[in-house]
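Asker: So that you have it, the file is coords.cif, and it contains mmCIF, N, CA and C atoms and all ligand atoms:
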data_start
loop_
_atom_site.label_atom_id
_atom_site.label_comp_id
_atom_site.auth_asym_id
_atom_site.auth_seq_id
_atom_site.Cartn_x
_atom_site.Cartn_y
_atom_site.Cartn_z
N MET L 1 -13.85 -59.37 -71.25
CA MET L 1 -12.71 -59.61 -70.35
C MET L 1 -11.43 -59.05 -70.96
N ARG L 2 -11.13 -59.46 -72.18
CA ARG L 2 -9.93 -58.98 -72.88
C ARG L 2 -9.93 -57.45 -72.96
N ASN L 3 -11.10 -56.93 -73.31
CA ASN L 3 -11.23 -55.50 -73.50
C ASN L 3 -10.92 -54.72 -72.23
N SER L 4 -11.42 -55.18 -71.12
CA SER L 4 -11.20 -54.44 -69.87
C SER L 4 -9.75 -54.58 -69.42
N ASP L 5 -9.13 -55.73 -69.78
CA ASP L 5 -7.71 -55.90 -69.46
C ASP L 5 -6.89 -54.84 -70.20
N MET L 6 -7.24 -54.67 -71.47
CA MET L 6 -6.55 -53.67 -72.28
C MET L 6 -6.73 -52.29 -71.67
N LYS L 7 -7.95 -52.02 -71.22
CA LYS L 7 -8.22 -50.70 -70.63
C LYS L 7 -7.34 -50.48 -69.40
N SER L 8 -7.23 -51.52 -68.57
CA SER L 8 -6.41 -51.39 -67.36
C SER L 8 -4.97 -51.14 -67.73
N LEU L 9 -4.53 -51.86 -68.77
CA LEU L 9 -3.14 -51.73 -69.20
C LEU L 9 -2.86 -50.31 -69.66
N TRP L 10 -3.78 -49.77 -70.45
CA TRP L 10 -3.62 -48.39 -70.92
C TRP L 10 -3.59 -47.40 -69.76
N LEU L 11 -4.48 -47.67 -68.82
CA LEU L 11 -4.53 -46.79 -67.65
C LEU L 11 -3.19 -46.79 -66.93
N LEU L 12 -2.62 -48.00 -66.82
CA LEU L 12 -1.33 -48.14 -66.14
C LEU L 12 -0.24 -47.38 -66.90
N VAL L 13 -0.26 -47.55 -68.24
CA VAL L 13 0.74 -46.87 -69.06
C VAL L 13 0.64 -45.36 -68.89
N VAL L 14 -0.57 -44.85 -68.94
CA VAL L 14 -0.78 -43.41 -68.80
C VAL L 14 -0.31 -42.94 -67.42
N LEU L 15 -0.61 -43.74 -66.41
CA LEU L 15 -0.23 -43.39 -65.05
C LEU L 15 1.29 -43.31 -64.91
N VAL L 16 1.96 -44.35 -65.41
CA VAL L 16 3.42 -44.41 -65.31
C VAL L 16 4.05 -43.22 -66.05
N MET L 17 3.51 -42.91 -67.23
CA MET L 17 4.05 -41.80 -68.00
C MET L 17 3.85 -40.47 -67.28
N SER L 18 2.69 -40.31 -66.65
CA SER L 18 2.44 -39.07 -65.92
C SER L 18 3.46 -38.91 -64.81
N VAL L 19 3.73 -40.00 -64.10
CA VAL L 19 4.68 -39.95 -63.00
C VAL L 19 6.06 -39.58 -63.52
N LEU L 20 6.45 -40.18 -64.64
CA LEU L 20 7.76 -39.88 -65.23
C LEU L 20 7.86 -38.41 -65.62
N VAL L 21 6.81 -37.89 -66.23
CA VAL L 21 6.82 -36.48 -66.64
C VAL L 21 6.95 -35.58 -65.41
N LEU L 22 6.20 -35.91 -64.36
CA LEU L 22 6.26 -35.12 -63.13
C LEU L 22 7.67 -35.14 -62.55
N GLU L 23 8.25 -36.34 -62.48
CA GLU L 23 9.60 -36.50 -61.94
C GLU L 23 10.58 -35.62 -62.71
N HIS L 24 10.46 -35.70 -64.02
CA HIS L 24 11.34 -34.94 -64.89
C HIS L 24 11.18 -33.45 -64.61
N GLY L 25 9.92 -33.01 -64.51
CA GLY L 25 9.65 -31.60 -64.22
C GLY L 25 10.30 -31.17 -62.93
N HIS L 26 10.20 -32.01 -61.90
CA HIS L 26 10.80 -31.69 -60.60
C HIS L 26 12.29 -31.53 -60.72
N LYS L 27 12.90 -32.46 -61.45
CA LYS L 27 14.36 -32.43 -61.59
C LYS L 27 14.80 -31.15 -62.29
N MET L 28 14.06 -30.77 -63.34
CA MET L 28 14.40 -29.56 -64.08
C MET L 28 14.37 -28.36 -63.14
N VAL L 29 13.32 -28.29 -62.33
CA VAL L 29 13.19 -27.16 -61.41
C VAL L 29 14.36 -27.18 -60.43
N GLY L 30 14.66 -28.37 -59.89
CA GLY L 30 15.73 -28.48 -58.90
C GLY L 30 17.05 -28.05 -59.47
N ALA L 31 17.34 -28.48 -60.71
CA ALA L 31 18.64 -28.20 -61.32
C ALA L 31 18.84 -26.70 -61.56
N GLU L 32 17.77 -25.98 -61.76
CA GLU L 32 17.90 -24.57 -62.09
C GLU L 32 17.48 -23.68 -60.92
N ASP L 33 17.43 -24.27 -59.73
CA ASP L 33 16.91 -23.52 -58.61
C ASP L 33 18.00 -22.70 -57.92
N CYS L 34 18.48 -21.66 -58.60
CA CYS L 34 19.46 -20.78 -57.96
C CYS L 34 19.20 -19.36 -58.42
N GLU L 35 17.92 -19.03 -58.55
CA GLU L 35 17.54 -17.70 -59.04
C GLU L 35 18.09 -16.59 -58.15
N GLU L 36 18.13 -16.86 -56.85
CA GLU L 36 18.62 -15.84 -55.92
C GLU L 36 20.10 -15.56 -56.18
N GLU L 37 20.87 -16.64 -56.41
CA GLU L 37 22.30 -16.48 -56.68
C GLU L 37 22.51 -15.76 -58.01
N ILE L 38 21.70 -16.14 -59.00
CA ILE L 38 21.82 -15.50 -60.32
C ILE L 38 21.57 -14.00 -60.19
N ARG L 39 20.51 -13.66 -59.43
CA ARG L 39 20.20 -12.24 -59.20
C ARG L 39 21.36 -11.55 -58.49
N GLY L 40 21.94 -12.25 -57.52
CA GLY L 40 23.06 -11.70 -56.77
C GLY L 40 24.23 -11.36 -57.68
N PHE L 41 24.57 -12.29 -58.55
CA PHE L 41 25.68 -12.06 -59.50
C PHE L 41 25.37 -10.84 -60.37
N THR L 42 24.14 -10.79 -60.87
CA THR L 42 23.76 -9.70 -61.76
C THR L 42 23.85 -8.35 -61.06
N ILE L 43 23.34 -8.30 -59.83
CA ILE L 43 23.27 -7.02 -59.12
C ILE L 43 24.62 -6.63 -58.52
N GLU L 44 25.28 -7.57 -57.86
CA GLU L 44 26.48 -7.21 -57.09
C GLU L 44 27.79 -7.41 -57.85
N CYS L 45 27.82 -8.31 -58.83
CA CYS L 45 29.12 -8.68 -59.41
C CYS L 45 29.32 -8.28 -60.87
N MET L 46 28.25 -7.86 -61.56
CA MET L 46 28.39 -7.55 -62.99
C MET L 46 29.46 -6.50 -63.23
N TYR L 47 29.50 -5.52 -62.33
CA TYR L 47 30.46 -4.43 -62.49
C TYR L 47 31.89 -4.97 -62.56
N TYR L 48 32.15 -6.06 -61.82
CA TYR L 48 33.51 -6.61 -61.75
C TYR L 48 33.78 -7.68 -62.80
N MET L 49 32.69 -8.21 -63.40
CA MET L 49 32.84 -9.37 -64.27
C MET L 49 32.51 -9.12 -65.73
N SER L 50 31.84 -8.01 -66.01
CA SER L 50 31.41 -7.79 -67.40
C SER L 50 32.60 -7.45 -68.28
N ASN L 51 32.42 -7.65 -69.56
CA ASN L 51 33.49 -7.40 -70.52
C ASN L 51 33.50 -5.94 -70.98
N ASP L 52 32.69 -5.10 -70.29
CA ASP L 52 32.68 -3.69 -70.64
C ASP L 52 34.02 -3.05 -70.33
N SER L 53 34.72 -3.65 -69.37
CA SER L 53 36.05 -3.18 -69.02
C SER L 53 36.99 -4.38 -69.03
N GLN L 54 38.25 -4.13 -69.25
CA GLN L 54 39.22 -5.22 -69.26
C GLN L 54 40.04 -5.24 -67.97
N SER L 55 39.87 -4.21 -67.14
CA SER L 55 40.73 -4.10 -65.96
C SER L 55 40.21 -4.98 -64.83
N LEU L 56 41.15 -5.57 -64.10
CA LEU L 56 40.81 -6.44 -62.98
C LEU L 56 40.55 -5.56 -61.77
N VAL L 57 39.29 -5.53 -61.34
CA VAL L 57 38.90 -4.73 -60.19
C VAL L 57 38.55 -5.68 -59.05
N ASN L 58 39.06 -5.40 -57.86
CA ASN L 58 38.76 -6.26 -56.72
C ASN L 58 37.29 -6.10 -56.33
N PRO L 59 36.55 -7.21 -56.26
CA PRO L 59 35.13 -7.11 -55.92
C PRO L 59 34.94 -6.66 -54.47
N ASN L 60 33.81 -6.04 -54.19
CA ASN L 60 33.52 -5.61 -52.82
C ASN L 60 32.99 -6.80 -52.01
N ALA L 61 32.71 -6.55 -50.72
CA ALA L 61 32.30 -7.63 -49.82
C ALA L 61 30.96 -8.24 -50.24
N ARG L 62 30.06 -7.42 -50.78
CA ARG L 62 28.75 -7.94 -51.18
C ARG L 62 28.89 -8.92 -52.34
N CYS L 63 29.75 -8.59 -53.31
CA CYS L 63 29.96 -9.51 -54.43
C CYS L 63 30.64 -10.78 -53.93
N CYS L 64 31.61 -10.64 -53.03
CA CYS L 64 32.28 -11.82 -52.48
C CYS L 64 31.29 -12.73 -51.77
N LYS L 65 30.32 -12.14 -51.07
CA LYS L 65 29.33 -12.96 -50.38
C LYS L 65 28.49 -13.74 -51.40
N VAL L 66 28.11 -13.07 -52.49
CA VAL L 66 27.37 -13.75 -53.57
C VAL L 66 28.19 -14.93 -54.09
N ILE L 67 29.47 -14.68 -54.34
CA ILE L 67 30.35 -15.71 -54.90
C ILE L 67 30.48 -16.90 -53.94
N THR L 68 30.76 -16.62 -52.67
CA THR L 68 30.97 -17.73 -51.72
C THR L 68 29.66 -18.47 -51.45
N ASP L 69 28.54 -17.74 -51.43
CA ASP L 69 27.25 -18.40 -51.21
C ASP L 69 26.90 -19.31 -52.39
N ALA L 70 27.24 -18.87 -53.60
CA ALA L 70 26.87 -19.63 -54.80
C ALA L 70 27.85 -20.76 -55.09
N TYR L 71 29.03 -20.69 -54.48
CA TYR L 71 30.11 -21.62 -54.82
C TYR L 71 29.71 -23.10 -54.74
N PRO L 72 29.01 -23.55 -53.67
CA PRO L 72 28.66 -24.98 -53.58
C PRO L 72 27.74 -25.46 -54.71
N THR L 73 26.98 -24.56 -55.30
CA THR L 73 26.06 -24.96 -56.38
C THR L 73 26.37 -24.16 -57.65
N LEU L 74 27.66 -23.94 -57.87
CA LEU L 74 28.08 -23.03 -58.95
C LEU L 74 27.61 -23.47 -60.33
N SER L 75 27.51 -24.79 -60.55
CA SER L 75 27.13 -25.25 -61.89
C SER L 75 25.76 -24.70 -62.29
N CYS L 76 24.93 -24.43 -61.29
CA CYS L 76 23.60 -23.86 -61.58
C CYS L 76 23.74 -22.47 -62.18
N TRP L 77 24.59 -21.65 -61.59
CA TRP L 77 24.83 -20.31 -62.15
C TRP L 77 25.47 -20.43 -63.53
N CYS L 78 26.44 -21.34 -63.65
CA CYS L 78 27.11 -21.53 -64.94
C CYS L 78 26.09 -21.87 -66.03
N ASN L 79 25.16 -22.75 -65.71
CA ASN L 79 24.16 -23.12 -66.71
C ASN L 79 23.28 -21.94 -67.10
N SER L 80 23.08 -21.02 -66.17
CA SER L 80 22.22 -19.87 -66.46
C SER L 80 22.88 -18.90 -67.43
N LEU L 81 24.17 -19.06 -67.68
CA LEU L 81 24.88 -18.11 -68.55
C LEU L 81 24.48 -18.25 -70.01
N SER L 82 23.73 -19.30 -70.33
CA SER L 82 23.27 -19.45 -71.71
C SER L 82 22.01 -18.62 -71.96
N ARG L 83 21.45 -18.03 -70.92
CA ARG L 83 20.27 -17.20 -71.10
C ARG L 83 20.61 -15.98 -71.94
N LYS L 84 19.64 -15.59 -72.76
CA LYS L 84 19.88 -14.48 -73.68
C LYS L 84 19.76 -13.14 -72.95
N VAL L 85 20.55 -12.19 -73.41
CA VAL L 85 20.42 -10.83 -72.89
C VAL L 85 19.69 -9.99 -73.92
N VAL L 86 19.18 -8.85 -73.48
CA VAL L 86 18.43 -7.98 -74.39
C VAL L 86 19.39 -7.31 -75.37
N PHE L 87 20.55 -6.93 -74.84
CA PHE L 87 21.55 -6.29 -75.71
C PHE L 87 22.94 -6.80 -75.38
N PRO L 88 23.79 -7.12 -76.36
CA PRO L 88 23.49 -7.11 -77.80
C PRO L 88 22.53 -8.23 -78.19
N PRO L 89 21.70 -8.02 -79.22
CA PRO L 89 20.68 -9.00 -79.60
C PRO L 89 21.31 -10.35 -79.93
N GLY L 90 20.72 -11.41 -79.40
CA GLY L 90 21.19 -12.76 -79.71
C GLY L 90 22.30 -13.24 -78.81
N ALA L 91 22.90 -12.35 -78.04
CA ALA L 91 24.01 -12.75 -77.17
C ALA L 91 23.47 -13.38 -75.89
N SER L 92 24.27 -14.23 -75.28
CA SER L 92 23.88 -14.80 -73.99
C SER L 92 24.72 -14.14 -72.90
N VAL L 93 24.25 -14.29 -71.69
CA VAL L 93 24.91 -13.64 -70.55
C VAL L 93 26.41 -13.95 -70.53
N GLY L 94 26.74 -15.24 -70.75
CA GLY L 94 28.14 -15.65 -70.69
C GLY L 94 29.02 -14.91 -71.68
N GLU L 95 28.43 -14.49 -72.81
CA GLU L 95 29.22 -13.80 -73.83
C GLU L 95 29.48 -12.33 -73.48
N THR L 96 28.77 -11.83 -72.49
CA THR L 96 28.99 -10.43 -72.10
C THR L 96 29.99 -10.34 -70.95
N LEU L 97 30.47 -11.50 -70.51
CA LEU L 97 31.39 -11.53 -69.37
C LEU L 97 32.84 -11.65 -69.83
N ASN L 98 33.72 -11.29 -68.93
CA ASN L 98 35.16 -11.42 -69.18
C ASN L 98 35.70 -12.44 -68.19
N TRP L 99 36.16 -13.57 -68.71
CA TRP L 99 36.52 -14.68 -67.83
C TRP L 99 37.78 -14.42 -67.02
N ARG L 100 38.66 -13.59 -67.53
CA ARG L 100 39.83 -13.21 -66.74
C ARG L 100 39.38 -12.46 -65.49
N ARG L 101 38.38 -11.58 -65.68
CA ARG L 101 37.86 -10.80 -64.55
C ARG L 101 37.10 -11.70 -63.58
N ILE L 102 36.35 -12.68 -64.14
CA ILE L 102 35.61 -13.60 -63.27
C ILE L 102 36.58 -14.40 -62.41
N MET L 103 37.64 -14.93 -63.04
CA MET L 103 38.62 -15.72 -62.29
C MET L 103 39.28 -14.87 -61.22
N HIS L 104 39.53 -13.60 -61.55
CA HIS L 104 40.13 -12.70 -60.57
C HIS L 104 39.20 -12.53 -59.37
N CYS L 105 37.91 -12.37 -59.62
CA CYS L 105 36.95 -12.17 -58.52
C CYS L 105 36.92 -13.40 -57.61
N PHE L 106 36.83 -14.58 -58.19
CA PHE L 106 36.78 -15.80 -57.37
C PHE L 106 38.06 -15.94 -56.55
N SER L 107 39.20 -15.68 -57.17
CA SER L 107 40.47 -15.79 -56.45
C SER L 107 40.53 -14.77 -55.32
N TYR L 108 40.13 -13.54 -55.64
CA TYR L 108 40.18 -12.48 -54.64
C TYR L 108 39.30 -12.82 -53.43
N CYS L 109 38.18 -13.49 -53.68
CA CYS L 109 37.25 -13.86 -52.60
C CYS L 109 37.64 -15.18 -51.94
N ASN L 110 38.84 -15.66 -52.22
CA ASN L 110 39.40 -16.86 -51.59
C ASN L 110 38.69 -18.16 -51.95
N VAL L 111 37.97 -18.18 -53.07
CA VAL L 111 37.41 -19.44 -53.57
C VAL L 111 37.77 -19.56 -55.05
N PRO L 112 39.08 -19.67 -55.32
CA PRO L 112 39.52 -19.71 -56.73
C PRO L 112 38.86 -20.86 -57.50
N LEU L 113 38.56 -20.62 -58.75
CA LEU L 113 38.00 -21.68 -59.59
C LEU L 113 39.09 -22.70 -59.88
N PRO L 114 38.81 -23.97 -59.65
CA PRO L 114 39.84 -24.99 -59.88
C PRO L 114 40.18 -25.15 -61.36
N ALA L 115 41.46 -25.40 -61.64
CA ALA L 115 41.91 -25.61 -63.01
C ALA L 115 41.11 -26.75 -63.62
N GLY L 116 40.66 -26.55 -64.84
CA GLY L 116 39.91 -27.58 -65.53
C GLY L 116 38.41 -27.49 -65.29
N TYR L 117 38.01 -26.64 -64.34
CA TYR L 117 36.58 -26.51 -64.06
C TYR L 117 35.89 -25.91 -65.27
N GLN L 118 34.77 -26.54 -65.65
CA GLN L 118 34.03 -26.04 -66.81
C GLN L 118 32.80 -25.29 -66.36
N CYS L 119 32.75 -24.03 -66.75
CA CYS L 119 31.60 -23.18 -66.44
C CYS L 119 31.02 -22.70 -67.75
N TRP L 120 29.82 -23.22 -68.07
CA TRP L 120 29.19 -22.93 -69.35
C TRP L 120 30.19 -23.28 -70.46
N LYS L 121 30.63 -22.36 -71.32
CA LYS L 121 31.54 -22.71 -72.42
C LYS L 121 32.99 -22.45 -72.05
N PHE L 122 33.20 -22.06 -70.82
CA PHE L 122 34.55 -21.67 -70.40
C PHE L 122 35.19 -22.75 -69.54
N THR L 123 36.44 -23.06 -69.84
CA THR L 123 37.18 -24.00 -69.01
C THR L 123 38.32 -23.26 -68.33
N VAL L 124 38.40 -23.39 -67.02
CA VAL L 124 39.46 -22.70 -66.27
C VAL L 124 40.82 -23.28 -66.66
N PRO L 125 41.72 -22.43 -67.12
CA PRO L 125 43.05 -22.93 -67.55
C PRO L 125 43.88 -23.41 -66.36
N ALA L 126 44.84 -24.28 -66.65
CA ALA L 126 45.70 -24.82 -65.59
C ALA L 126 46.54 -23.70 -64.97
N HIS L 127 47.02 -22.80 -65.83
CA HIS L 127 47.79 -21.69 -65.31
C HIS L 127 47.09 -20.40 -65.72
N PRO L 128 46.35 -19.80 -64.79
CA PRO L 128 45.61 -18.58 -65.14
C PRO L 128 46.55 -17.56 -65.77
N PRO L 129 46.10 -16.93 -66.85
CA PRO L 129 46.94 -15.97 -67.56
C PRO L 129 47.40 -14.85 -66.63
N ARG L 130 48.66 -14.54 -66.71
CA ARG L 130 49.19 -13.44 -65.90
C ARG L 130 49.14 -12.17 -66.72
N LYS L 131 49.31 -11.10 -65.98
CA LYS L 131 49.36 -9.81 -66.65
C LYS L 131 50.58 -9.81 -67.56
N ALA L 132 50.38 -9.36 -68.80
CA ALA L 132 51.50 -9.36 -69.76
C ALA L 132 52.64 -8.49 -69.24
N LEU L 133 53.85 -8.98 -69.42
CA LEU L 133 55.00 -8.19 -69.00
C LEU L 133 55.25 -7.09 -70.01
N PRO L 134 55.74 -5.96 -69.56
CA PRO L 134 55.96 -4.84 -70.49
C PRO L 134 57.13 -5.12 -71.45
C1 LIG J 201 35.58 -8.36 -74.73
O1 LIG J 201 36.03 -7.08 -75.05
C2 LIG J 201 37.14 -7.06 -75.95
C3 LIG J 201 37.62 -5.62 -76.08
O2 LIG J 201 36.54 -4.73 -76.22
C4 LIG J 201 36.69 -7.67 -77.27
O3 LIG J 201 37.75 -7.69 -78.18
C5 LIG J 201 36.21 -9.10 -77.01
O4 LIG J 201 35.70 -9.66 -78.20
C6 LIG J 201 35.14 -9.11 -75.95
N1 LIG J 201 34.80 -10.46 -75.62
C7 LIG J 201 33.55 -10.88 -75.49
C8 LIG J 201 33.38 -12.29 -75.11
O5 LIG J 201 32.60 -10.13 -75.68
#
Can I see the file as structure tokens?

Answerer:
Amino acid sequence: MRNSDMKSLWLLVVLVMSVLVLEHGHKMVGAEDCEEEIRGFTIECMYYMSNDSQSLVNPNARCCKVITDAYPTLSCWCNSLSRKVVFPPGASVGETLNWRRIMHCFSYCNVPLPAGYQCWKFTVPAHPPRKALP
């Protein structure tokens, strides 16, 4: 009798743990479920956001659509910026971007990033830096 009680208890423990693991797995998938938006940023917006150039270029309509579509779930894209890039070795996507250019793109597309908003390791300043005066 005691022995079978123990067996049932173990079965219950295993069952509960399996459910917890599954739940956790689902949540992880849900939290990172913006692959389409990430692809959109990479394909349509990299030209305007990468640190390869320092100049503020107005994004085209396709990049603006990516930005406005991703805006409601932006934290998902922000989290993806920790992903590593092939070059330079060891760098993450976020480190290859220029945040002044990113802020310019969002503002230009009429969905400016709010002051204090944290995107990956970047925090939007209260007063976005202006172009230096000559
Ligand atoms: C961006 O480019 C500038 C100029 O080339 C460089 O000094 C800076 O370190 C770069 N920033 C990042 C995050 O790569």

Asker: Any residue with an atom at most 7 Å from ligand LIG 201 (chain J) counts, using only C-alpha atoms and all ligand atoms. Which are they? Put them as a list of chain:residue names.

Answerer: L:Asn51, L:Asp52, L:Gln54, L:Glu95, L:Thr96, L:Leu97, L:Asn98

Asker: Which residue, L:Cys34, L:Val124, L:Ile43, L:Ile67, has the smallest gap to Cys109 of chain L when you use only C-alpha atoms?

Answerer: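 Using only C-alpha atoms, the shortest distance to Cys109 of chain L belongs to L:Ile67.
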
Asker: As an exercise, work out the distance from atom N of Glu35 of chain L to atom C of Val111 of chain L in Å and give it to one decimal place.

Answerer: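 If I compute the distance from atom N of Glu35 of chain L to atom C of Val111 of chain L, I get 20.2 Å.
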
Asker: Any idea what the distance is between atom CA of Glu37 of chain L and atom CA of Val66 of chain L?

Answerer: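 Computing the Euclidean distance for atom CA of Glu37 of chain L and atom CA of Val66 of chain L yields 6.5 Å.
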
Asker: Looking at only C-alpha atoms, which of L:Met46, L:Ala61, L:Leu56, L:Ala115 is the one that sits closest to Gly94 of chain L?

Answerer: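 Of all the options, L:Met46 lies closest to Gly94 of chain L.
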
Asker: Quick one: residues within 12 Å of Thr73 of chain L, only C-alpha atoms counted, chain neighbours fewer than 3 positions away excluded, as a PDB file with N, CA and C atoms, keeping the file's coordinate frame?

Answerer:
ATOM      1  N   GLY L  30      14.660 -28.370 -59.890  1.00  0.00           N
ATOM      2  CA  GLY L  30      15.730 -28.480 -58.900  1.00  0.00           C
ATOM      3  C   GLY L  30      17.050 -28.050 -59.470  1.00  0.00           C
ATOM      4  N   ALA L  31      17.340 -28.480 -60.710  1.00  0.00           N
ATOM      5  CA  ALA L  31      18.640 -28.200 -61.320  1.00  0.00           C
ATOM      6  C   ALA L  31      18.840 -26.700 -61.560  1.00  0.00           C
ATOM      7  N   GLU L  32      17.770 -25.980 -61.760  1.00  0.00           N
ATOM      8  CA  GLU L  32      17.900 -24.570 -62.090  1.00  0.00           C
ATOM      9  C   GLU L  32      17.480 -23.680 -60.920  1.00  0.00           C
ATOM     10  N   ASP L  33      17.430 -24.270 -59.730  1.00  0.00           N
ATOM     11  CA  ASP L  33      16.910 -23.520 -58.610  1.00  0.00           C
ATOM     12  C   ASP L  33      18.000 -22.700 -57.920  1.00  0.00           C
ATOM     13  N   CYS L  34      18.480 -21.660 -58.600  1.00  0.00           N
ATOM     14  CA  CYS L  34      19.460 -20.780 -57.960  1.00  0.00           C
ATOM     15  C   CYS L  34      19.200 -19.360 -58.420  1.00  0.00           C
ATOM     16  N   GLU L  35      17.920 -19.030 -58.550  1.00  0.00           N
ATOM     17  CA  GLU L  35      17.540 -17.700 -59.040  1.00  0.00           C
ATOM     18  C   GLU L  35      18.090 -16.590 -58.150  1.00  0.00           C
ATOM     19  N   GLU L  36      18.130 -16.860 -56.850  1.00  0.00           N
ATOM     20  CA  GLU L  36      18.620 -15.840 -55.920  1.00  0.00           C
ATOM     21  C   GLU L  36      20.100 -15.560 -56.180  1.00  0.00           C
ATOM     22  N   GLU L  37      20.870 -16.640 -56.410  1.00  0.00           N
ATOM     23  CA  GLU L  37      22.300 -16.480 -56.680  1.00  0.00           C
ATOM     24  C   GLU L  37      22.510 -15.760 -58.010  1.00  0.00           C
ATOM     25  N   ILE L  38      21.700 -16.140 -59.000  1.00  0.00           N
ATOM     26  CA  ILE L  38      21.820 -15.500 -60.320  1.00  0.00           C
ATOM     27  C   ILE L  38      21.570 -14.000 -60.190  1.00  0.00           C
ATOM     28  N   VAL L  66      28.110 -13.070 -52.490  1.00  0.00           N
ATOM     29  CA  VAL L  66      27.370 -13.750 -53.570  1.00  0.00           C
ATOM     30  C   VAL L  66      28.190 -14.930 -54.090  1.00  0.00           C
ATOM     31  N   ILE L  67      29.470 -14.680 -54.340  1.00  0.00           N
ATOM     32  CA  ILE L  67      30.350 -15.710 -54.900  1.00  0.00           C
ATOM     33  C   ILE L  67      30.480 -16.900 -53.940  1.00  0.00           C
ATOM     34  N   THR L  68      30.760 -16.620 -52.670  1.00  0.00           N
ATOM     35  CA  THR L  68      30.970 -17.730 -51.720  1.00  0.00           C
ATOM     36  C   THR L  68      29.660 -18.470 -51.450  1.00  0.00           C
ATOM     37  N   ASP L  69      28.540 -17.740 -51.430  1.00  0.00           N
ATOM     38  CA  ASP L  69      27.250 -18.400 -51.210  1.00  0.00           C
ATOM     39  C   ASP L  69      26.900 -19.310 -52.390  1.00  0.00           C
ATOM     40  N   ALA L  70      27.240 -18.870 -53.600  1.00  0.00           N
ATOM     41  CA  ALA L  70      26.870 -19.630 -54.800  1.00  0.00           C
ATOM     42  C   ALA L  70      27.850 -20.760 -55.090  1.00  0.00           C
ATOM     43  N   CYS L  76      24.930 -24.430 -61.290  1.00  0.00           N
ATOM     44  CA  CYS L  76      23.600 -23.860 -61.580  1.00  0.00           C
ATOM     45  C   CYS L  76      23.740 -22.470 -62.180  1.00  0.00           C
ATOM     46  N   TRP L  77      24.590 -21.650 -61.590  1.00  0.00           N
ATOM     47  CA  TRP L  77      24.830 -20.310 -62.150  1.00  0.00           C
ATOM     48  C   TRP L  77      25.470 -20.430 -63.530  1.00  0.00           C
ATOM     49  N   CYS L  78      26.440 -21.340 -63.650  1.00  0.00           N
ATOM     50  CA  CYS L  78      27.110 -21.530 -64.940  1.00  0.00           C
ATOM     51  C   CYS L  78      26.090 -21.870 -66.030  1.00  0.00           C
ATOM     52  N   ASN L  79      25.160 -22.750 -65.710  1.00  0.00           N
ATOM     53  CA  ASN L  79      24.160 -23.120 -66.710  1.00  0.00           C
ATOM     54  C   ASN L  79      23.280 -21.940 -67.100  1.00  0.00           C
ATOM     55  N   SER L  80      23.080 -21.020 -66.170  1.00  0.00           N
ATOM     56  CA  SER L  80      22.220 -19.870 -66.460  1.00  0.00           C
ATOM     57  C   SER L  80      22.880 -18.900 -67.430  1.00  0.00           C
ATOM     58  N   CYS L 119      32.750 -24.030 -66.750  1.00  0.00           N
ATOM     59  CA  CYS L 119      31.600 -23.180 -66.440  1.00  0.00           C
ATOM     60  C   CYS L 119      31.020 -22.700 -67.750  1.00  0.00           C
TER      61      CYS L 119
END

Asker: From the list L:Ser53, L:Cys45, L:Ser92, L:Ser82, which residue is nearest Trp120 of chain L when using all atoms listed in the file?

Answerer: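 Of L:Ser53, L:Cys45, L:Ser92, L:Ser82, the one nearest Trp120 of chain L is L:Ser82, counting all atoms listed in the file.
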
Asker: If DSSP is run on the backbone, what residues of segment 28-71 of chain L are alpha helix (DSSP H)? A reply as an MDAnalysis selection string would be ideal.

Answerer: chainID L and resid 28:31 35:40 46:49 61:70

Asker: Quick one: pull the distance between atom N of Ala126 of chain L and atom C of Trp99 of chain L, Å, one decimal.

Answerer: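 These two atoms are separated by 12.1 Å.
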
Asker: Would you pick out the contacts of Arg101 of chain L at 8 Å or less, using all atoms listed in the file, so that residues sharing its chain but fewer than 5 positions from it are not included, and give the list as a PyMOL selection string?

Answerer: chain L and resi 48-50+53-57+106-107

Asker: Let me see the file: selected residues, N, CA and C atoms, as a compact mmCIF listing (two decimals), in the frame of the given file.

Answerer:
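File written: again-v6.txt
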# COMPACT_ATOMS: atom_id res chain seq x y z
N TYR L 48 32.15 -6.06 -61.82
CA TYR L 48 33.51 -6.61 -61.75
C TYR L 48 33.78 -7.68 -62.80
N MET L 49 32.69 -8.21 -63.40
CA MET L 49 32.84 -9.37 -64.27
C MET L 49 32.51 -9.12 -65.73
N SER L 50 31.84 -8.01 -66.01
CA SER L 50 31.41 -7.79 -67.40
C SER L 50 32.60 -7.45 -68.28
N SER L 53 34.72 -3.65 -69.37
CA SER L 53 36.05 -3.18 -69.02
C SER L 53 36.99 -4.38 -69.03
N GLN L 54 38.25 -4.13 -69.25
CA GLN L 54 39.22 -5.22 -69.26
C GLN L 54 40.04 -5.24 -67.97
N SER L 55 39.87 -4.21 -67.14
CA SER L 55 40.73 -4.10 -65.96
C SER L 55 40.21 -4.98 -64.83
N LEU L 56 41.15 -5.57 -64.10
CA LEU L 56 40.81 -6.44 -62.98
C LEU L 56 40.55 -5.56 -61.77
N VAL L 57 39.29 -5.53 -61.34
CA VAL L 57 38.90 -4.73 -60.19
C VAL L 57 38.55 -5.68 -59.05
N PHE L 106 36.83 -14.58 -58.19
CA PHE L 106 36.78 -15.80 -57.37
C PHE L 106 38.06 -15.94 -56.55
N SER L 107 39.20 -15.68 -57.17
CA SER L 107 40.47 -15.79 -56.45
C SER L 107 40.53 -14.77 -55.32

Asker: Check the DSSP output for the backbone and give back, as number ranges by chain, the residues of segment 41-133 of chain L in strand (DSSP E).

Answerer: L: 118-119, 122-123
